[in-house]
Amino acid sequence: MAPLLAVRGLSRSFGGVYAVRDVDLDVAPGQLRGLIGPNGAGKSTVFNLVGGQLPPHAGTVTLDGQRIDRLAPHRRAALGVGVVFQAARVFHGMTALENVMVGAHATTRSGLVAAALRAPSHRREEREIRDRAAECLERVGLEDWADRPAETLPLGQQRALQLARALCGRPRLLLLDEPASGLRAGERQALATLLDALRAGGLAMILVEHDMAFVARLADRVTVLHLGRVLAEGTAAQVRADPAVVSAYLGEEAAA
Ligand SMILES: Nc1ncnc2c1ncn2[C@@H]1O[C@H](COP(=O)(O)OP(=O)(O)OP(=O)(O)O)[C@@H](O)[C@H]1O
């Protein structure tokens, strides 16, 4: 299957030091790609280069045949790149439903003028967004929490809420930066089940993770980064058995 996302020769340095160097990776529709590696390997930098938070110094990022590497984050979002940032917070003082509605703004048509004038097109759009947000809450199993203040949800549910918010932007590719960090075992399990269901529904994902076991449970393919470069690529079982990967992780443990 042709890749939905194709990353080629992606490079980015900070102060003359490469954080990411010559990275290639593909994600097919409905595929979950794990992106793992020891501390400082370049995972978050790749995440930001694909999401648009950082421009690359070299290389290309192509979504469904279209170059997106020079586009601002909101333009990438409108083309179908959703992001869930590491340790992102929910918006306080807003209900769970309102939090999700914020995620739809990447795709709304009528602008601020229509909103200020309370134009019928704006009201209709507001209703559509509300319905879409309710649908996204249901997809992540939070329909009973819709009217609660978001900050009163337990951490596991707050993560699901962030997913719902990203889904409300109708992504084709969802980027997730350590979504399981800080969660308890039961919450991790629930999150894994949810990600499985989203993939079964055809969503492509990149899962940035420190924890190899969580990735192994979910990923179709895994890319291992080390010192900014791709160290290994394959199924979770293949990369786990790769001596170079084992030694990179052991090196990290030794350093700790
Ligand atoms: N904004 C920045 N300015 C300077 N150096 C940076 C910046 N962002 C990342 N780096 C450096 O680039 C390298 C890769 O960092 P990155 O955060 O991408 O790694 P990571 O794999 O996500 O690590 P971790 O698992 O610790 O989050 C590191 O050496 C880091 O210090």
# chains A, B, ... in the order shown; residues from 1 in each chain; ligands from 1
>>> residues_near_ligand(ligand="ligand 1", cutoff="12 Å", atoms="only C-alpha atoms and all ligand atoms", output="ChimeraX atom specification")
/A:11-21,35-49,53-55,85-87,176-178,181,207-212,223-230,249,252
>>> select_by_dssp(residues="stretch 13-212 of chain A", states="strand (DSSP E or B)", output="number ranges by chain")
A: 13-14, 17-27, 32-36, 58-63, 66-67, 81-84, 95, 149, 173-177, 204-209
>>> residues_around(residues="A:Val83", least_positions_apart="3", cutoff="12 Å", atoms="only C-alpha atoms", output="PyMOL selection string")
chain A and resi 44+47-53+73-74+76-78+80+86+88+103+106+162-179+204-208
>>> write_last_selection(atoms="C-alpha atoms", output="mmCIF file, in the first residue's frame")
data_model
loop_
_atom_site.group_PDB
_atom_site.id
_atom_site.type_symbol
_atom_site.label_atom_id
_atom_site.label_comp_id
_atom_site.auth_asym_id
_atom_site.auth_seq_id
_atom_site.Cartn_x
_atom_site.Cartn_y
_atom_site.Cartn_z
ATOM 1 C CA SER A 44 10.427 14.538 19.916
ATOM 2 C CA PHE A 47 7.496 14.478 16.026
ATOM 3 C CA ASN A 48 7.821 18.266 15.772
ATOM 4 C CA LEU A 49 9.251 18.132 12.245
ATOM 5 C CA VAL A 50 6.247 16.097 11.062
ATOM 6 C CA GLY A 51 3.693 18.149 13.024
ATOM 7 C CA GLY A 52 5.211 21.429 11.850
ATOM 8 C CA GLN A 53 6.294 22.851 15.192
ATOM 9 C CA PRO A 73 1.173 23.490 11.923
ATOM 10 C CA HIS A 74 -2.416 24.682 11.352
ATOM 11 C CA ARG A 76 -0.816 20.572 8.229
ATOM 12 C CA ALA A 77 -3.700 20.042 10.668
ATOM 13 C CA ALA A 78 -6.186 21.098 7.994
ATOM 14 C CA GLY A 80 -5.114 15.772 8.262
ATOM 15 C CA GLN A 86 3.465 15.021 25.589
ATOM 16 C CA ALA A 88 -0.488 18.293 27.335
ATOM 17 C CA GLY A 103 -10.056 20.629 18.265
ATOM 18 C CA ALA A 106 -8.544 23.567 12.333
ATOM 19 C CA GLN A 162 -6.889 14.888 24.443
ATOM 20 C CA LEU A 163 -7.307 12.097 21.920
ATOM 21 C CA ALA A 164 -10.933 13.096 21.356
ATOM 22 C CA ARG A 165 -9.840 16.708 20.836
ATOM 23 C CA ALA A 166 -7.313 15.627 18.195
ATOM 24 C CA LEU A 167 -9.890 13.352 16.526
ATOM 25 C CA CYS A 168 -12.290 16.287 16.246
ATOM 26 C CA GLY A 169 -9.864 17.834 13.728
ATOM 27 C CA ARG A 170 -10.522 14.731 11.536
ATOM 28 C CA PRO A 171 -6.910 13.585 11.217
ATOM 29 C CA ARG A 172 -5.752 10.952 8.761
ATOM 30 C CA LEU A 173 -2.477 10.693 10.635
ATOM 31 C CA LEU A 174 -2.271 11.143 14.390
ATOM 32 C CA LEU A 175 1.028 11.899 16.144
ATOM 33 C CA LEU A 176 1.168 10.817 19.793
ATOM 34 C CA ASP A 177 4.060 11.820 22.051
ATOM 35 C CA GLU A 178 4.313 9.435 25.024
ATOM 36 C CA PRO A 179 0.552 9.267 25.600
ATOM 37 C CA ALA A 204 -2.661 6.001 10.793
ATOM 38 C CA MET A 205 -0.546 6.859 13.839
ATOM 39 C CA ILE A 206 2.996 7.564 14.953
ATOM 40 C CA LEU A 207 3.496 6.637 18.574
ATOM 41 C CA VAL A 208 6.564 8.178 20.197
#
>>> residues_around(residues="A:Ala219", least_positions_apart="5", cutoff="9 Å", atoms="only C-alpha atoms", output="CSV table (one decimal) with C-alpha atoms, in the first residue's frame")
chain,number,residue,atom,x,y,z
A,31,GLN,CA,-0.8,1.6,10.3
A,32,LEU,CA,0.6,2.4,13.8
A,33,ARG,CA,4.3,3.1,13.6
A,34,GLY,CA,6.3,3.1,16.9
A,206,ILE,CA,3.0,7.6,15.0
A,207,LEU,CA,3.5,6.6,18.6
A,214,PHE,CA,3.9,-0.5,25.3
A,235,THR,CA,8.4,-5.3,13.5
A,236,ALA,CA,8.7,-4.9,17.3
>>> atom_distance(atom1="atom CA of A:Arg221", atom2="atom CA of A:Val246")
17.2 Å
>>> residues_around(residues="A:Arg67", least_positions_apart="5", cutoff="12 Å", atoms="only C-alpha atoms", output="PDB file with C-alpha atoms, in the first residue's frame")
ATOM      1  CA  LEU A   4       0.148   8.033   3.652  1.00  0.00           C
ATOM      2  CA  LEU A   5       3.190   9.681   5.205  1.00  0.00           C
ATOM      3  CA  ALA A   6       6.644   9.538   3.632  1.00  0.00           C
ATOM      4  CA  VAL A   7       9.600  11.114   5.435  1.00  0.00           C
ATOM      5  CA  ARG A   8      12.866  11.253   3.473  1.00  0.00           C
ATOM      6  CA  VAL A  50       6.247  16.097  11.062  1.00  0.00           C
ATOM      7  CA  GLY A  52       5.211  21.429  11.850  1.00  0.00           C
ATOM      8  CA  GLY A  59      14.681  16.460   3.813  1.00  0.00           C
ATOM      9  CA  THR A  60      11.027  16.147   2.885  1.00  0.00           C
ATOM     10  CA  VAL A  61       7.748  15.250   4.588  1.00  0.00           C
ATOM     11  CA  THR A  62       5.006  14.147   2.185  1.00  0.00           C
ATOM     12  CA  ARG A  75      -2.119  24.090   7.596  1.00  0.00           C
ATOM     13  CA  ARG A  76      -0.816  20.572   8.229  1.00  0.00           C
ATOM     14  CA  LEU A  79      -4.639  18.498   5.649  1.00  0.00           C
TER      15      LEU A  79
END
>>> residues_around(residues="A:Ala200", least_positions_apart="5", cutoff="10 Å", atoms="only C-alpha atoms", output="list in words")
Gly30, Gln31, Leu194 and Leu195 of chain A
>>> atom_distance(atom1="atom CA of A:Leu155", atom2="atom CA of A:Ala104")
22.4 Å
>>> atom_distance(atom1="atom CA of A:Asp196", atom2="atom CA of A:Gln238")
20.6 Å
>>> residues_around(residues="stretch 133-148 of chain A", least_positions_apart="3", cutoff="9 Å", atoms="only C-alpha atoms", output="short mmCIF file (atom, residue, chain, number, x, y, z; two decimals) with N, CA and C atoms, in the first residue's frame")
data_model
loop_
_atom_site.label_atom_id
_atom_site.label_comp_id
_atom_site.auth_asym_id
_atom_site.auth_seq_id
_atom_site.Cartn_x
_atom_site.Cartn_y
_atom_site.Cartn_z
N MET A 94 -13.37 24.70 31.34
CA MET A 94 -14.21 24.31 30.21
C MET A 94 -14.66 22.88 30.44
N THR A 95 -15.84 22.53 29.94
CA THR A 95 -16.30 21.14 30.07
C THR A 95 -15.50 20.25 29.13
N ALA A 96 -15.67 18.94 29.33
CA ALA A 96 -15.01 17.97 28.45
C ALA A 96 -15.44 18.21 27.01
N LEU A 97 -16.75 18.42 26.79
CA LEU A 97 -17.25 18.64 25.43
C LEU A 97 -16.63 19.90 24.81
N GLU A 98 -16.55 20.97 25.58
CA GLU A 98 -15.97 22.21 25.06
C GLU A 98 -14.49 22.03 24.72
N ASN A 99 -13.79 21.25 25.53
CA ASN A 99 -12.38 20.95 25.23
C ASN A 99 -12.25 20.30 23.86
N VAL A 100 -13.16 19.40 23.56
CA VAL A 100 -13.08 18.68 22.28
C VAL A 100 -13.46 19.61 21.13
N MET A 101 -14.41 20.51 21.39
CA MET A 101 -14.84 21.44 20.34
C MET A 101 -13.68 22.31 19.84
N VAL A 102 -12.76 22.62 20.75
CA VAL A 102 -11.58 23.42 20.38
C VAL A 102 -10.81 22.72 19.24
N GLY A 103 -10.80 21.41 19.27
CA GLY A 103 -10.06 20.63 18.27
C GLY A 103 -10.63 20.73 16.86
N ALA A 104 -11.85 21.18 16.75
CA ALA A 104 -12.48 21.25 15.42
C ALA A 104 -12.08 22.49 14.67
N GLU A 128 -22.78 22.04 14.25
CA GLU A 128 -22.08 20.90 13.64
C GLU A 128 -20.88 20.50 14.48
N ILE A 129 -20.16 21.52 14.97
CA ILE A 129 -18.96 21.24 15.77
C ILE A 129 -19.35 20.55 17.07
N ARG A 130 -20.42 21.03 17.69
CA ARG A 130 -20.89 20.42 18.94
C ARG A 130 -21.24 18.94 18.72
N GLU A 151 -10.93 19.50 34.08
CA GLU A 151 -9.84 19.27 35.04
C GLU A 151 -10.25 18.31 36.17
N THR A 152 -11.55 17.99 36.27
CA THR A 152 -11.98 17.06 37.33
C THR A 152 -11.91 15.60 36.86
N LEU A 153 -11.59 15.37 35.58
CA LEU A 153 -11.48 13.99 35.09
C LEU A 153 -10.19 13.35 35.60
N GLN A 157 -8.65 9.51 31.85
CA GLN A 157 -9.73 10.12 31.07
C GLN A 157 -9.28 11.44 30.43
N ALA A 160 -7.65 10.46 27.31
CA ALA A 160 -8.66 10.11 26.30
C ALA A 160 -9.29 11.38 25.75
N LEU A 161 -9.46 12.38 26.60
CA LEU A 161 -10.05 13.65 26.17
C LEU A 161 -9.14 14.36 25.16
N LEU A 163 -7.14 12.86 23.16
CA LEU A 163 -7.31 12.10 21.92
C LEU A 163 -8.57 12.54 21.19
N ALA A 164 -9.66 12.69 21.96
CA ALA A 164 -10.93 13.10 21.36
C ALA A 164 -10.78 14.47 20.71
N ARG A 165 -10.05 15.36 21.38
CA ARG A 165 -9.84 16.71 20.84
C ARG A 165 -9.09 16.63 19.50
N LEU A 167 -9.03 14.03 17.50
CA LEU A 167 -9.89 13.35 16.53
C LEU A 167 -10.91 14.31 15.93
N CYS A 168 -11.29 15.32 16.70
CA CYS A 168 -12.29 16.29 16.25
C CYS A 168 -11.77 17.12 15.07
N LEU A 194 -7.97 1.55 23.23
CA LEU A 194 -8.51 2.67 22.45
C LEU A 194 -7.71 2.90 21.16
N LEU A 198 -8.90 2.68 17.19
CA LEU A 198 -8.75 3.78 16.22
C LEU A 198 -8.03 3.28 14.97
#
>>> select_by_dssp(residues="stretch 142-244 of chain A", states="helix (DSSP H, G or I)", output="number ranges by chain")
A: 143-145, 150-152, 155-167, 185-200, 212-218, 236-240, 243-244
>>> closest_residue(among="A:Gly234, A:Pro149, A:Pro29, A:Gly93", to="A:Leu63", atoms="only C-alpha atoms")
A:Pro29
